[in-house]
Amino acid sequence: MTVTPRGGRTPLRRSRQVRAGLVQLLLALVGLALGLLVPRITGGPSAPARQVADLLLSLGFGVLGTTAVIFSLLFLVVQWAHTSFTPRLALFRQSPIVWRTFAFAIGLAVFCVTAALAIGDRSEVTVAVPVITSILLLAMLALLRTLLLRALASIQLAPVLRSITERGSTALDTLYPSGTVPAASGPTVTDGPPAATVTWPRPSAVLQQIDVKGLREAAREADAVIVLHKAPGTTLHQGARIADVYGAAIADTKVLGSLATGLEPTFEQDPMLAFRLLADIALRALSSSINDPATAVQALDCVKDLLGGPAAKRAGEAGPLRVTGPDGAVRVVIRRPPWEDFVRTGIDDVIVAALNSPLVLTRLRTLLADLEPGAHPHGRELLNRRRAWVEREMADRFPVLWREAPPDPHPQAGGNR
C-alpha cells in the first residue's frame with residue numbers, strides 16, 4: 001500500500017511531560033498576572049481589604065493542600081485498580097484532564113496568594129477580587145468533578161474495555177489508512193546495498209511514534225528512500241539496526257530525530273498495544289486466583305471488534321507502508337505488523353489459559369468462526385487451525401457439553417466432530 005500523509009495525522013507529538021509542564025507554567029503566569037492586576041481595579045463597590053486578603057490566603061494554600069491529597073488518593077486507587085486489569089494499563093495517568101486540572105489548581109493558588117500580597121495594607125479593595133475568585137473556584141470544582149468521574153470510569157471494566165478498543169481502532173486506522181494512491185514507477189528500493197545504515201545509539205527504549213512527514217521531507221531533499229525496520233511499539237536495543245537509506249546517504253540525526261521513544265508503548269501508532277492489553281485482561285480474569293471467565297469473554301468481544309474492523313482487514317494484505325512525496329515517488333517504507341500478529345497476540349495465550357473454561361472456549365469457537373468469512377486466505381487458514389484446536393480441547397475435556405453445543409455457524413470442510 002502506498003499513501004501520502006495527510007495533514008495532522010502523523011506528526012510527532014510533543015512529550016506529555018513537556019506539554020503538561022508548559023500548561024502548568026502558562027496557568028501559573030496567568031494567575032500571577034490576574035493577581036497583580038485585579039486588585040488595582042478602581043471604582044464600583046468595595047469590600048474590607050483585610051478580610052478579603054485573609055480569605056485569599058486561606059483559599060490559596062487550601063487549594064494546594066486539597067489538590068495534593070485528592071491527586072494522591074486518585075493515583076493510588078486508580079493505579080491499584082488498573083493493576084487488577086494489567087500492569088501495563090495507564091489510561092488515567094495519560095488522560096489530559098489529569099494534568100489540566102492540576103495546572104488549573106496551581107494557577108488558582110498563585111492568583112489567590114498574589115492578589116492577597118498585592119492588596120497589602122489597603123483598607124478597601126474592589127469586589128471584583130472575591131467575585132473573580134469565586135468564579136475560578138467554581139471552575140476548579142467543575143474540573144474536579146470531571147476528574148472524579150473519569151477516575152470512576154477508569155476503575156470499571158466496561159469503560160476501560162471501550163477505551164482500549166476505541167484507541168486500538170484509531171491506531172489501526174492511522175497505520176492502515178483507507179486512502180491509497182498509485183505507486184510511483186520504477187523500483188521503490190534499489191537492488192544494491194544501502195547508502196547508509198542507521199543504528200540505535202542509546203540505551204534500550206520503546207519506539208512510540210514516527211514522524212512520517214519529517215522522514216519523507218528528509219528523504220525528498222536527499223533524493224533517497226528510507227526503509228524503517230522497526231514498527232511503533234517495538235523495543236530499540238542499543239546497536240540494533242533501525243533503518244537503511246537507499247539512493248543517497250542521510251545524516252543519522254535526521255532519522256533518529258523523527259523517532260519518539262519512551263519507557264512504555266503508547267496507542268498513537270501502535271495497534272498491537274490494544275490487543276496486548278485486552279489479552280492481559282482476559283488472562284488475569286482466567287487466572288486461578290481470580291477465576292472470572294465472564295470478564296475474559298468481554299475482553300474477547302473487544303478483540304473480535306478490532307480484528308473484524310475495516311482497518312484490521314486491510315492489514316491482511318497491506319504489507320509495509322510506503323509513503324510517497326509530492327512527486328509521487330516512494331520516499332519512506334515502514335514495517336507494519338500483519339493481521340496474523342494481531343490474532344496471535346489477542347487470542348493464542350487466551351486459548352491456553354481457557355482450556356478449563358467451557359464458557360470461554362465456546363466464545364473463542366464462535367469468535368474464530370465469525371472472523372473467518374472476512375479474512376484473507378492465509379488468515380482463514382490460521383483461524384481454522386485455532387478453531388480446530390479449540391474444538392478438539394472442548395471435545396476432549398467437556399464431551400457432554402460438546403455434544404450439547406449449538407451447531408457450528410461456519411462448519412469446516414469435513415467437519416470437526
# chains A, B, ... in the order shown; residues from 1 in each chain; ligands from 1

$ residues_around --residues "Cys112 in chain A" --least-positions-apart "4" --cutoff "8 Å" --atoms "only C-alpha atoms" --output "PyMOL selection string"
chain A and resi 31+35+56-57+59-60+108+116+133

$ closest_atom_pairs --of "range 298-389 of chain A" --to "range 210-230 of chain A" --cutoff "8 Å" --atoms "only C-alpha atoms" --output "JSON lines"
{"residue": "A:Val323", "atom": "CA", "partner": "A:Arg216", "partner_atom": "CA", "distance": 7.2}
{"residue": "A:Thr324", "atom": "CA", "partner": "A:Arg216", "partner_atom": "CA", "distance": 7.5}
{"residue": "A:Gly325", "atom": "CA", "partner": "A:Arg216", "partner_atom": "CA", "distance": 6.6}
{"residue": "A:Val330", "atom": "CA", "partner": "A:Val225", "partner_atom": "CA", "distance": 7.0}
{"residue": "A:Arg331", "atom": "CA", "partner": "A:Val225", "partner_atom": "CA", "distance": 4.6}
{"residue": "A:Val332", "atom": "CA", "partner": "A:Ile226", "partner_atom": "CA", "distance": 4.8}
{"residue": "A:Val333", "atom": "CA", "partner": "A:Val227", "partner_atom": "CA", "distance": 4.6}
{"residue": "A:Ile334", "atom": "CA", "partner": "A:Leu228", "partner_atom": "CA", "distance": 5.0}
{"residue": "A:Arg335", "atom": "CA", "partner": "A:His229", "partner_atom": "CA", "distance": 5.8}

$ residues_around --residues "range 379-388 of chain A" --least-positions-apart "4" --cutoff "7 Å" --atoms "only C-alpha atoms" --output "PyMOL selection string"
chain A and resi 340+365+368+372+375+392+416

$ residues_around --residues "Leu277 in chain A" --least-positions-apart "4" --cutoff "8 Å" --atoms "only C-alpha atoms" --output "list in words"
Thr86, Arg88, Leu89, Ile164, Leu273 and Ile281 of chain A

$ select_by_dssp --residues "range 206-289 of chain A" --states "strand (DSSP E or B)" --output "list in words"
Val206, Leu207, Gln208, Gln209, Ile210, Val225, Ile226, Val227, Leu228, Thr235, Leu236, Arg241, Ile242, Ala243, Asp244, Val245, Tyr246, Leu259, Ala260, Thr261 and Gly262 of chain A

$ write_last_selection --atoms "all heavy atoms" --output "short mmCIF file (atom, residue, chain, number, x, y, z; two decimals), in the first residue's frame"
data_model
loop_
_atom_site.label_atom_id
_atom_site.label_comp_id
_atom_site.auth_asym_id
_atom_site.auth_seq_id
_atom_site.Cartn_x
_atom_site.Cartn_y
_atom_site.Cartn_z
N VAL A 206 11.45 2.14 24.03
CA VAL A 206 10.32 1.70 23.22
C VAL A 206 10.03 2.76 22.16
O VAL A 206 9.93 3.95 22.47
CB VAL A 206 9.07 1.48 24.09
CG1 VAL A 206 7.86 1.11 23.22
CG2 VAL A 206 9.33 0.38 25.12
N LEU A 207 9.93 2.33 20.92
CA LEU A 207 9.56 3.24 19.84
C LEU A 207 8.08 3.56 19.96
O LEU A 207 7.23 2.68 19.80
CB LEU A 207 9.88 2.61 18.48
CG LEU A 207 9.50 3.43 17.24
CD1 LEU A 207 10.19 4.79 17.26
CD2 LEU A 207 9.83 2.66 15.97
N GLN A 208 7.75 4.82 20.24
CA GLN A 208 6.36 5.22 20.46
C GLN A 208 5.71 5.79 19.22
O GLN A 208 4.57 5.47 18.91
CB GLN A 208 6.30 6.23 21.61
CG GLN A 208 6.73 5.67 22.95
CD GLN A 208 6.75 6.70 24.05
OE1 GLN A 208 6.93 7.89 23.79
NE2 GLN A 208 6.57 6.27 25.29
N GLN A 209 6.42 6.67 18.51
CA GLN A 209 5.85 7.30 17.34
C GLN A 209 6.92 7.56 16.29
O GLN A 209 8.11 7.66 16.60
CB GLN A 209 5.18 8.63 17.69
CG GLN A 209 3.82 8.50 18.35
CD GLN A 209 3.20 9.87 18.54
OE1 GLN A 209 3.46 10.55 19.54
NE2 GLN A 209 2.40 10.30 17.61
N ILE A 210 6.47 7.70 15.04
CA ILE A 210 7.34 8.02 13.92
C ILE A 210 6.81 9.27 13.25
O ILE A 210 5.63 9.35 12.90
CB ILE A 210 7.40 6.86 12.90
CG1 ILE A 210 7.92 5.58 13.57
CG2 ILE A 210 8.26 7.22 11.70
CD1 ILE A 210 7.81 4.36 12.68
N VAL A 225 15.56 6.97 -0.33
CA VAL A 225 14.45 6.17 0.22
C VAL A 225 14.88 5.65 1.59
O VAL A 225 15.96 5.03 1.70
CB VAL A 225 14.07 5.00 -0.71
CG1 VAL A 225 12.96 4.17 -0.08
CG2 VAL A 225 13.66 5.51 -2.08
N ILE A 226 14.07 5.89 2.59
CA ILE A 226 14.36 5.43 3.95
C ILE A 226 13.48 4.22 4.24
O ILE A 226 12.26 4.29 4.15
CB ILE A 226 14.09 6.54 4.99
CG1 ILE A 226 14.95 7.77 4.69
CG2 ILE A 226 14.35 6.03 6.40
CD1 ILE A 226 14.64 8.95 5.59
N VAL A 227 14.11 3.11 4.60
CA VAL A 227 13.38 1.88 4.94
C VAL A 227 13.55 1.63 6.43
O VAL A 227 14.65 1.30 6.89
CB VAL A 227 13.91 0.69 4.12
CG1 VAL A 227 13.15 -0.58 4.50
CG2 VAL A 227 13.79 0.96 2.63
N LEU A 228 12.47 1.80 7.18
CA LEU A 228 12.50 1.55 8.62
C LEU A 228 12.22 0.09 8.90
O LEU A 228 11.26 -0.48 8.36
CB LEU A 228 11.45 2.42 9.33
CG LEU A 228 11.76 3.92 9.47
CD1 LEU A 228 10.59 4.62 10.13
CD2 LEU A 228 13.02 4.13 10.29
N THR A 235 10.81 -2.60 20.92
CA THR A 235 11.90 -2.11 21.77
C THR A 235 13.16 -1.94 20.94
O THR A 235 13.57 -2.87 20.22
CB THR A 235 12.15 -3.07 22.94
OG1 THR A 235 10.97 -3.20 23.73
CG2 THR A 235 13.28 -2.56 23.83
N LEU A 236 13.76 -0.77 21.04
CA LEU A 236 15.00 -0.49 20.33
C LEU A 236 16.17 -0.76 21.26
O LEU A 236 16.32 -0.09 22.29
CB LEU A 236 15.02 0.98 19.87
CG LEU A 236 13.81 1.46 19.07
CD1 LEU A 236 13.98 2.93 18.70
CD2 LEU A 236 13.61 0.61 17.82
N ARG A 241 19.85 -2.35 14.32
CA ARG A 241 19.65 -1.65 13.05
C ARG A 241 18.24 -1.07 13.02
O ARG A 241 17.24 -1.79 13.16
CB ARG A 241 19.85 -2.60 11.88
CG ARG A 241 19.80 -1.92 10.52
CD ARG A 241 20.08 -2.89 9.39
NE ARG A 241 19.04 -3.91 9.30
CZ ARG A 241 18.80 -4.66 8.21
NH1 ARG A 241 19.56 -4.50 7.14
NH2 ARG A 241 17.88 -5.57 8.23
N ILE A 242 18.14 0.22 12.80
CA ILE A 242 16.86 0.92 12.79
C ILE A 242 16.35 1.10 11.38
O ILE A 242 15.17 0.86 11.09
CB ILE A 242 16.97 2.29 13.48
CG1 ILE A 242 17.44 2.12 14.92
CG2 ILE A 242 15.64 3.03 13.44
CD1 ILE A 242 16.48 1.32 15.76
N ALA A 243 17.22 1.54 10.48
CA ALA A 243 16.79 1.86 9.12
C ALA A 243 17.94 1.71 8.15
O ALA A 243 19.12 1.80 8.53
CB ALA A 243 16.22 3.28 9.07
N ASP A 244 17.58 1.49 6.90
CA ASP A 244 18.53 1.53 5.79
C ASP A 244 18.12 2.67 4.86
O ASP A 244 16.93 2.89 4.62
CB ASP A 244 18.53 0.21 5.01
CG ASP A 244 19.21 -0.92 5.78
OD1 ASP A 244 20.17 -0.61 6.52
OD2 ASP A 244 18.76 -2.07 5.67
N VAL A 245 19.11 3.38 4.36
CA VAL A 245 18.87 4.50 3.46
C VAL A 245 19.43 4.14 2.09
O VAL A 245 20.61 3.78 1.97
CB VAL A 245 19.52 5.79 3.98
CG1 VAL A 245 19.22 6.96 3.05
CG2 VAL A 245 19.03 6.10 5.40
N TYR A 246 18.59 4.25 1.05
CA TYR A 246 18.99 3.89 -0.30
C TYR A 246 19.00 5.14 -1.18
O TYR A 246 18.20 6.06 -0.99
CB TYR A 246 18.03 2.86 -0.90
CG TYR A 246 18.11 1.51 -0.22
CD1 TYR A 246 17.35 1.26 0.93
CD2 TYR A 246 18.92 0.50 -0.71
CE1 TYR A 246 17.41 0.03 1.56
CE2 TYR A 246 18.98 -0.74 -0.09
CZ TYR A 246 18.22 -0.97 1.05
OH TYR A 246 18.27 -2.19 1.67
N LEU A 259 12.06 9.92 15.43
CA LEU A 259 11.55 8.81 16.23
C LEU A 259 11.33 9.27 17.66
O LEU A 259 12.25 9.77 18.31
CB LEU A 259 12.53 7.63 16.21
CG LEU A 259 12.99 7.13 14.84
CD1 LEU A 259 13.97 5.99 15.01
CD2 LEU A 259 11.81 6.72 13.98
N ALA A 260 10.11 9.12 18.16
CA ALA A 260 9.81 9.43 19.56
C ALA A 260 9.86 8.13 20.36
O ALA A 260 9.22 7.14 20.01
CB ALA A 260 8.42 10.07 19.69
N THR A 261 10.65 8.13 21.42
CA THR A 261 10.81 6.93 22.23
C THR A 261 10.47 7.23 23.68
O THR A 261 10.38 8.38 24.10
CB THR A 261 12.26 6.41 22.15
OG1 THR A 261 13.16 7.44 22.61
CG2 THR A 261 12.62 6.04 20.72
N GLY A 262 10.26 6.18 24.46
CA GLY A 262 9.94 6.32 25.87
C GLY A 262 10.11 5.00 26.58
O GLY A 262 10.67 4.03 26.03
#

$ atom_distance --atom1 "CA of Ala158 in chain A" --atom2 "CA of Thr174 in chain A"
24.4 Å

$ closest_residue --among "A:Val343, A:Ala248, A:Leu172, A:Ile351" --to "Ala311 in chain A" --atoms "only C-alpha atoms"
A:Leu172
